[in-house]
Every structure is written in C-alpha cells, then in structure tokens.
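Structure first, commentary second.
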Amino acid sequence: MILAIRTDQPRAELYLLDVKGKECARHAWQADRQLAATLLGEITQLLTRQNIAPSDLNGIVVFSGSGSFTGLRIGTTVANALAYSLSIPVVKTAGADWLSGVGSALAKAQLGQFVQPDYDRAPNIT
C-alpha cells in the first residue's frame, strides 16, 4: 500500500493507494491551524480503519506544492519521517493529477532520499 499526503490547503487529505496507484481509501478533514497536532493521528485512524499496519506500507507520496508554506512543511516532514522510520521510499508530486504515476515514481525512488516542498514564492515569515 502507498500512503499519499496532501497538506497544502486548510482541508488536509490522505489517500491509500494500491501498488499500481489505484485509490483504495480517502480521508479529508478541516485541519486549518491544527495540522501539526492532528496529522499523525489522522494517518493512524485511516490505517486502522482499513486494517493496515504501518509496516504494510510500500511507499509514501506527498503533494509538494505550491500552497501553504507551513502546511507543505508539515506534510513533507511527516512523509520524510515516516519513510525513514519504516525504511520505505518517499516521492513528491504536484499538479492537478498529482496521484497519477505514483507507482512508477516510487519504483525509481531510492531509500534514504528525502523530499522538499516546492514553494511558488519566498516565504513571508513575520
């Protein structure tokens, strides 16, 4: 199974895909400013509802942007940390069809390579 994470907007999205990239389950919630506090719990609930253990994951894909600076950082950090802890590959994608081709992208990915978000402008940190 592949875990897909999208956190570029106030409404966060999680997907479970089979190894060919076909959607098996989806979960979305209004994360707003609670994304950091809720993301891992929401991932755990999605996996539990589908009777999937984290060790059953073959890879992780994360939406890389553009979008919310903080949301992208949180999603990317969680994706990288999970990939590292589970010894599975992680890839990033973007665009309207961000979930297409994930299986082939993960097949080319190497363990230990991590992803960074893509920002469409410099961050506005105040």
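Labels for the structure tokens follow display order: chains A, B, ..., residues from 1 in each chain, ligands from 1.
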
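Near A:Gln34, within 12 Å and counting only C-alpha atoms, sit A:Thr7, A:Gln9, A:Pro10, A:Arg11, A:Ala12, A:Trp29, A:Gln30, A:Ala31, A:Ala37, A:Thr38, A:Leu39, A:Leu40, A:Gly41, A:Glu42, A:Thr70, A:Gly71, A:Ile74; same-chain residues fewer than 3 positions away were not included.
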
> When DSSP works through the backbone of this structure, what residues of chain A end up as strand (DSSP E), shown as a list in words?
Replying inline: Ile2, Leu3, Ala4, Ile5, Arg6, Arg11, Ala12, Glu13, Leu14, Tyr15, Leu16, Leu17, Glu23, Cys24, Ala25, Arg26, His27, Ala28, Trp29, Gln30, Gly59, Ile60, Val61, Val62, Phe63, Val90, Val91, Lys92 and Thr93 of chain A

Output of the above residues as a PDB file, in the first residue's frame, restricted to N, CA and C atoms:
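For reference, part_17.pdb as written:
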ATOM      1  N   ILE A   2       0.338   2.289  -0.571  1.00  0.00           N
ATOM      2  CA  ILE A   2       1.010   3.578  -0.648  1.00  0.00           C
ATOM      3  C   ILE A   2       0.172   4.600   0.112  1.00  0.00           C
ATOM      4  N   LEU A   3       0.823   5.384   0.952  1.00  0.00           N
ATOM      5  CA  LEU A   3       0.165   6.476   1.663  1.00  0.00           C
ATOM      6  C   LEU A   3       0.451   7.761   0.908  1.00  0.00           C
ATOM      7  N   ALA A   4      -0.596   8.513   0.585  1.00  0.00           N
ATOM      8  CA  ALA A   4      -0.453   9.803  -0.085  1.00  0.00           C
ATOM      9  C   ALA A   4      -0.954  10.893   0.854  1.00  0.00           C
ATOM     10  N   ILE A   5      -0.186  11.981   0.950  1.00  0.00           N
ATOM     11  CA  ILE A   5      -0.472  13.059   1.896  1.00  0.00           C
ATOM     12  C   ILE A   5      -0.546  14.381   1.143  1.00  0.00           C
ATOM     13  N   ARG A   6      -1.622  15.123   1.373  1.00  0.00           N
ATOM     14  CA  ARG A   6      -1.760  16.463   0.778  1.00  0.00           C
ATOM     15  C   ARG A   6      -2.139  17.449   1.878  1.00  0.00           C
ATOM     16  N   ARG A  11      -7.917  22.255   4.235  1.00  0.00           N
ATOM     17  CA  ARG A  11      -8.523  20.923   4.235  1.00  0.00           C
ATOM     18  C   ARG A  11      -7.451  19.914   3.823  1.00  0.00           C
ATOM     19  N   ALA A  12      -6.985  19.124   4.765  1.00  0.00           N
ATOM     20  CA  ALA A  12      -5.936  18.133   4.504  1.00  0.00           C
ATOM     21  C   ALA A  12      -6.560  16.857   3.948  1.00  0.00           C
ATOM     22  N   GLU A  13      -5.783  16.137   3.151  1.00  0.00           N
ATOM     23  CA  GLU A  13      -6.265  14.913   2.510  1.00  0.00           C
ATOM     24  C   GLU A  13      -5.241  13.796   2.652  1.00  0.00           C
ATOM     25  N   LEU A  14      -5.738  12.601   2.911  1.00  0.00           N
ATOM     26  CA  LEU A  14      -4.922  11.394   2.955  1.00  0.00           C
ATOM     27  C   LEU A  14      -5.535  10.374   2.014  1.00  0.00           C
ATOM     28  N   TYR A  15      -4.700   9.597   1.369  1.00  0.00           N
ATOM     29  CA  TYR A  15      -5.158   8.552   0.460  1.00  0.00           C
ATOM     30  C   TYR A  15      -4.363   7.287   0.727  1.00  0.00           C
ATOM     31  N   LEU A  16      -5.018   6.152   0.540  1.00  0.00           N
ATOM     32  CA  LEU A  16      -4.330   4.877   0.474  1.00  0.00           C
ATOM     33  C   LEU A  16      -4.493   4.372  -0.949  1.00  0.00           C
ATOM     34  N   LEU A  17      -3.380   4.011  -1.557  1.00  0.00           N
ATOM     35  CA  LEU A  17      -3.371   3.551  -2.936  1.00  0.00           C
ATOM     36  C   LEU A  17      -2.763   2.157  -2.984  1.00  0.00           C
ATOM     37  N   GLU A  23      -6.736   4.244  -6.124  1.00  0.00           N
ATOM     38  CA  GLU A  23      -7.220   4.679  -4.816  1.00  0.00           C
ATOM     39  C   GLU A  23      -8.043   3.580  -4.142  1.00  0.00           C
ATOM     40  N   CYS A  24      -7.672   3.282  -2.894  1.00  0.00           N
ATOM     41  CA  CYS A  24      -8.393   2.297  -2.089  1.00  0.00           C
ATOM     42  C   CYS A  24      -9.191   2.951  -0.968  1.00  0.00           C
ATOM     43  N   ALA A  25      -8.687   4.064  -0.464  1.00  0.00           N
ATOM     44  CA  ALA A  25      -9.372   4.775   0.628  1.00  0.00           C
ATOM     45  C   ALA A  25      -8.930   6.232   0.610  1.00  0.00           C
ATOM     46  N   ARG A  26      -9.804   7.086   1.134  1.00  0.00           N
ATOM     47  CA  ARG A  26      -9.540   8.522   1.191  1.00  0.00           C
ATOM     48  C   ARG A  26     -10.105   9.069   2.493  1.00  0.00           C
ATOM     49  N   HIS A  27      -9.395  10.050   3.029  1.00  0.00           N
ATOM     50  CA  HIS A  27      -9.867  10.714   4.242  1.00  0.00           C
ATOM     51  C   HIS A  27      -9.463  12.176   4.161  1.00  0.00           C
ATOM     52  N   ALA A  28     -10.386  13.070   4.456  1.00  0.00           N
ATOM     53  CA  ALA A  28     -10.094  14.504   4.466  1.00  0.00           C
ATOM     54  C   ALA A  28     -10.710  15.106   5.726  1.00  0.00           C
ATOM     55  N   TRP A  29     -10.082  16.150   6.230  1.00  0.00           N
ATOM     56  CA  TRP A  29     -10.597  16.850   7.402  1.00  0.00           C
ATOM     57  C   TRP A  29     -10.144  18.305   7.349  1.00  0.00           C
ATOM     58  N   GLN A  30     -10.874  19.139   8.032  1.00  0.00           N
ATOM     59  CA  GLN A  30     -10.562  20.556   8.098  1.00  0.00           C
ATOM     60  C   GLN A  30      -9.475  20.744   9.150  1.00  0.00           C
ATOM     61  N   GLY A  59       5.410   2.621   0.299  1.00  0.00           N
ATOM     62  CA  GLY A  59       5.943   3.918  -0.082  1.00  0.00           C
ATOM     63  C   GLY A  59       5.009   5.033   0.339  1.00  0.00           C
ATOM     64  N   ILE A  60       5.540   6.247   0.257  1.00  0.00           N
ATOM     65  CA  ILE A  60       4.772   7.440   0.624  1.00  0.00           C
ATOM     66  C   ILE A  60       4.953   8.466  -0.477  1.00  0.00           C
ATOM     67  N   VAL A  61       3.853   9.114  -0.836  1.00  0.00           N
ATOM     68  CA  VAL A  61       3.898  10.223  -1.783  1.00  0.00           C
ATOM     69  C   VAL A  61       3.303  11.440  -1.086  1.00  0.00           C
ATOM     70  N   VAL A  62       3.925  12.587  -1.313  1.00  0.00           N
ATOM     71  CA  VAL A  62       3.450  13.810  -0.678  1.00  0.00           C
ATOM     72  C   VAL A  62       3.289  14.882  -1.742  1.00  0.00           C
ATOM     73  N   PHE A  63       2.202  15.655  -1.626  1.00  0.00           N
ATOM     74  CA  PHE A  63       1.985  16.783  -2.527  1.00  0.00           C
ATOM     75  C   PHE A  63       2.994  17.852  -2.149  1.00  0.00           C
ATOM     76  N   VAL A  90      10.098   7.602  -0.400  1.00  0.00           N
ATOM     77  CA  VAL A  90       9.166   8.722  -0.406  1.00  0.00           C
ATOM     78  C   VAL A  90       9.431   9.529  -1.671  1.00  0.00           C
ATOM     79  N   VAL A  91       8.353   9.988  -2.325  1.00  0.00           N
ATOM     80  CA  VAL A  91       8.466  10.842  -3.500  1.00  0.00           C
ATOM     81  C   VAL A  91       7.509  12.009  -3.350  1.00  0.00           C
ATOM     82  N   LYS A  92       7.779  13.056  -4.121  1.00  0.00           N
ATOM     83  CA  LYS A  92       6.889  14.212  -4.129  1.00  0.00           C
ATOM     84  C   LYS A  92       6.303  14.368  -5.520  1.00  0.00           C
ATOM     85  N   THR A  93       5.078  14.898  -5.573  1.00  0.00           N
ATOM     86  CA  THR A  93       4.430  15.195  -6.840  1.00  0.00           C
ATOM     87  C   THR A  93       3.632  16.486  -6.678  1.00  0.00           C
TER      88      THR A  93
END

Pick out each residue of chain A that DSSP on the backbone tags as alpha helix (DSSP H); I need them as an mmCIF file with N, CA and C atoms, in the first residue's frame.
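The resulting file, selection_29.cif, is reproduced below:
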data_model
loop_
_atom_site.group_PDB
_atom_site.id
_atom_site.type_symbol
_atom_site.label_atom_id
_atom_site.label_comp_id
_atom_site.auth_asym_id
_atom_site.auth_seq_id
_atom_site.Cartn_x
_atom_site.Cartn_y
_atom_site.Cartn_z
ATOM 1 N N LEU A 35 -3.046 21.338 11.922
ATOM 2 C CA LEU A 35 -2.459 20.270 11.103
ATOM 3 C C LEU A 35 -1.359 19.523 11.836
ATOM 4 N N ALA A 36 -0.422 20.227 12.426
ATOM 5 C CA ALA A 36 0.689 19.567 13.122
ATOM 6 C C ALA A 36 0.184 18.687 14.264
ATOM 7 N N ALA A 37 -0.872 19.110 14.923
ATOM 8 C CA ALA A 37 -1.414 18.365 16.057
ATOM 9 C C ALA A 37 -2.265 17.175 15.625
ATOM 10 N N THR A 38 -2.807 17.214 14.409
ATOM 11 C CA THR A 38 -3.769 16.179 14.006
ATOM 12 C C THR A 38 -3.268 15.203 12.943
ATOM 13 N N LEU A 39 -2.239 15.558 12.184
ATOM 14 C CA LEU A 39 -1.868 14.758 11.008
ATOM 15 C C LEU A 39 -1.512 13.314 11.351
ATOM 16 N N LEU A 40 -0.640 13.090 12.306
ATOM 17 C CA LEU A 40 -0.263 11.708 12.641
ATOM 18 C C LEU A 40 -1.442 10.901 13.165
ATOM 19 N N GLY A 41 -2.300 11.519 13.963
ATOM 20 C CA GLY A 41 -3.486 10.824 14.457
ATOM 21 C C GLY A 41 -4.445 10.446 13.332
ATOM 22 N N GLU A 42 -4.605 11.339 12.369
ATOM 23 C CA GLU A 42 -5.486 11.065 11.230
ATOM 24 C C GLU A 42 -4.913 9.942 10.360
ATOM 25 N N ILE A 43 -3.596 9.917 10.194
ATOM 26 C CA ILE A 43 -2.961 8.826 9.440
ATOM 27 C C ILE A 43 -3.193 7.505 10.162
ATOM 28 N N THR A 44 -2.997 7.502 11.467
ATOM 29 C CA THR A 44 -3.208 6.291 12.261
ATOM 30 C C THR A 44 -4.646 5.806 12.150
ATOM 31 N N GLN A 45 -5.609 6.725 12.239
ATOM 32 C CA GLN A 45 -7.021 6.336 12.128
ATOM 33 C C GLN A 45 -7.336 5.760 10.753
ATOM 34 N N LEU A 46 -6.814 6.366 9.693
ATOM 35 C CA LEU A 46 -7.058 5.851 8.341
ATOM 36 C C LEU A 46 -6.503 4.441 8.194
ATOM 37 N N LEU A 47 -5.283 4.229 8.640
ATOM 38 C CA LEU A 47 -4.693 2.893 8.549
ATOM 39 C C LEU A 47 -5.478 1.883 9.371
ATOM 40 N N THR A 48 -5.880 2.265 10.574
ATOM 41 C CA THR A 48 -6.636 1.372 11.450
ATOM 42 C C THR A 48 -7.977 0.996 10.835
ATOM 43 N N ARG A 49 -8.695 1.987 10.279
ATOM 44 C CA ARG A 49 -9.999 1.706 9.654
ATOM 45 C C ARG A 49 -9.870 0.752 8.469
ATOM 46 N N PHE A 69 2.744 27.532 2.977
ATOM 47 C CA PHE A 69 4.135 27.318 3.379
ATOM 48 C C PHE A 69 4.214 26.344 4.552
ATOM 49 N N THR A 70 3.477 26.635 5.615
ATOM 50 C CA THR A 70 3.536 25.803 6.813
ATOM 51 C C THR A 70 2.917 24.430 6.562
ATOM 52 N N GLY A 71 1.804 24.393 5.850
ATOM 53 C CA GLY A 71 1.169 23.118 5.548
ATOM 54 C C GLY A 71 2.076 22.195 4.745
ATOM 55 N N LEU A 72 2.761 22.741 3.750
ATOM 56 C CA LEU A 72 3.687 21.940 2.946
ATOM 57 C C LEU A 72 4.853 21.440 3.793
ATOM 58 N N ARG A 73 5.363 22.302 4.662
ATOM 59 C CA ARG A 73 6.474 21.883 5.535
ATOM 60 C C ARG A 73 6.045 20.745 6.451
ATOM 61 N N ILE A 74 4.856 20.843 7.022
ATOM 62 C CA ILE A 74 4.383 19.804 7.943
ATOM 63 C C ILE A 74 4.177 18.483 7.190
ATOM 64 N N GLY A 75 3.484 18.532 6.075
ATOM 65 C CA GLY A 75 3.238 17.313 5.306
ATOM 66 C C GLY A 75 4.517 16.649 4.830
ATOM 67 N N THR A 76 5.457 17.450 4.361
ATOM 68 C CA THR A 76 6.723 16.913 3.870
ATOM 69 C C THR A 76 7.542 16.319 5.016
ATOM 70 N N THR A 77 7.555 16.995 6.140
ATOM 71 C CA THR A 77 8.309 16.487 7.295
ATOM 72 C C THR A 77 7.748 15.160 7.776
ATOM 73 N N VAL A 78 6.428 15.063 7.870
ATOM 74 C CA VAL A 78 5.801 13.807 8.304
ATOM 75 C C VAL A 78 6.081 12.697 7.284
ATOM 76 N N ALA A 79 5.967 13.001 5.997
ATOM 77 C CA ALA A 79 6.235 11.998 4.960
ATOM 78 C C ALA A 79 7.674 11.492 5.050
ATOM 79 N N ASN A 80 8.630 12.410 5.185
ATOM 80 C CA ASN A 80 10.034 12.016 5.298
ATOM 81 C C ASN A 80 10.303 11.200 6.558
ATOM 82 N N ALA A 81 9.728 11.622 7.678
ATOM 83 C CA ALA A 81 9.947 10.909 8.942
ATOM 84 C C ALA A 81 9.358 9.499 8.897
ATOM 85 N N LEU A 82 8.159 9.369 8.348
ATOM 86 C CA LEU A 82 7.552 8.033 8.230
ATOM 87 C C LEU A 82 8.362 7.149 7.295
ATOM 88 N N ALA A 83 8.775 7.696 6.167
ATOM 89 C CA ALA A 83 9.569 6.915 5.213
ATOM 90 C C ALA A 83 10.870 6.441 5.856
ATOM 91 N N TYR A 84 11.513 7.333 6.587
ATOM 92 C CA TYR A 84 12.758 6.974 7.259
ATOM 93 C C TYR A 84 12.524 5.877 8.299
ATOM 94 N N SER A 85 11.513 6.066 9.136
ATOM 95 C CA SER A 85 11.281 5.117 10.225
ATOM 96 C C SER A 85 10.811 3.754 9.730
ATOM 97 N N LEU A 86 10.144 3.728 8.574
ATOM 98 C CA LEU A 86 9.644 2.461 8.015
ATOM 99 C C LEU A 86 10.575 1.877 6.953
ATOM 100 N N VAL A 102 2.239 7.461 -9.488
ATOM 101 C CA VAL A 102 2.956 7.323 -8.221
ATOM 102 C C VAL A 102 3.683 5.991 -8.122
ATOM 103 N N GLY A 103 3.073 4.944 -8.609
ATOM 104 C CA GLY A 103 3.705 3.627 -8.532
ATOM 105 C C GLY A 103 5.043 3.597 -9.237
ATOM 106 N N SER A 104 5.108 4.149 -10.442
ATOM 107 C CA SER A 104 6.374 4.149 -11.187
ATOM 108 C C SER A 104 7.387 5.094 -10.545
ATOM 109 N N ALA A 105 6.920 6.217 -9.992
ATOM 110 C CA ALA A 105 7.832 7.146 -9.312
ATOM 111 C C ALA A 105 8.453 6.481 -8.088
ATOM 112 N N LEU A 106 7.655 5.745 -7.323
ATOM 113 C CA LEU A 106 8.181 5.062 -6.144
ATOM 114 C C LEU A 106 9.139 3.943 -6.523
ATOM 115 N N ALA A 107 8.871 3.281 -7.651
ATOM 116 C CA ALA A 107 9.760 2.207 -8.095
ATOM 117 C C ALA A 107 11.151 2.740 -8.413
ATOM 118 N N LYS A 108 11.234 3.985 -8.854
ATOM 119 C CA LYS A 108 12.525 4.604 -9.190
ATOM 120 C C LYS A 108 13.201 5.254 -7.984
#

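Using only C-alpha atoms, the contacts of A:Ser66 at a cut-off of 7 Å, with sequence neighbours closer than 6 positions omitted, comprise Asp118, Tyr119 and Asp120 of chain A.
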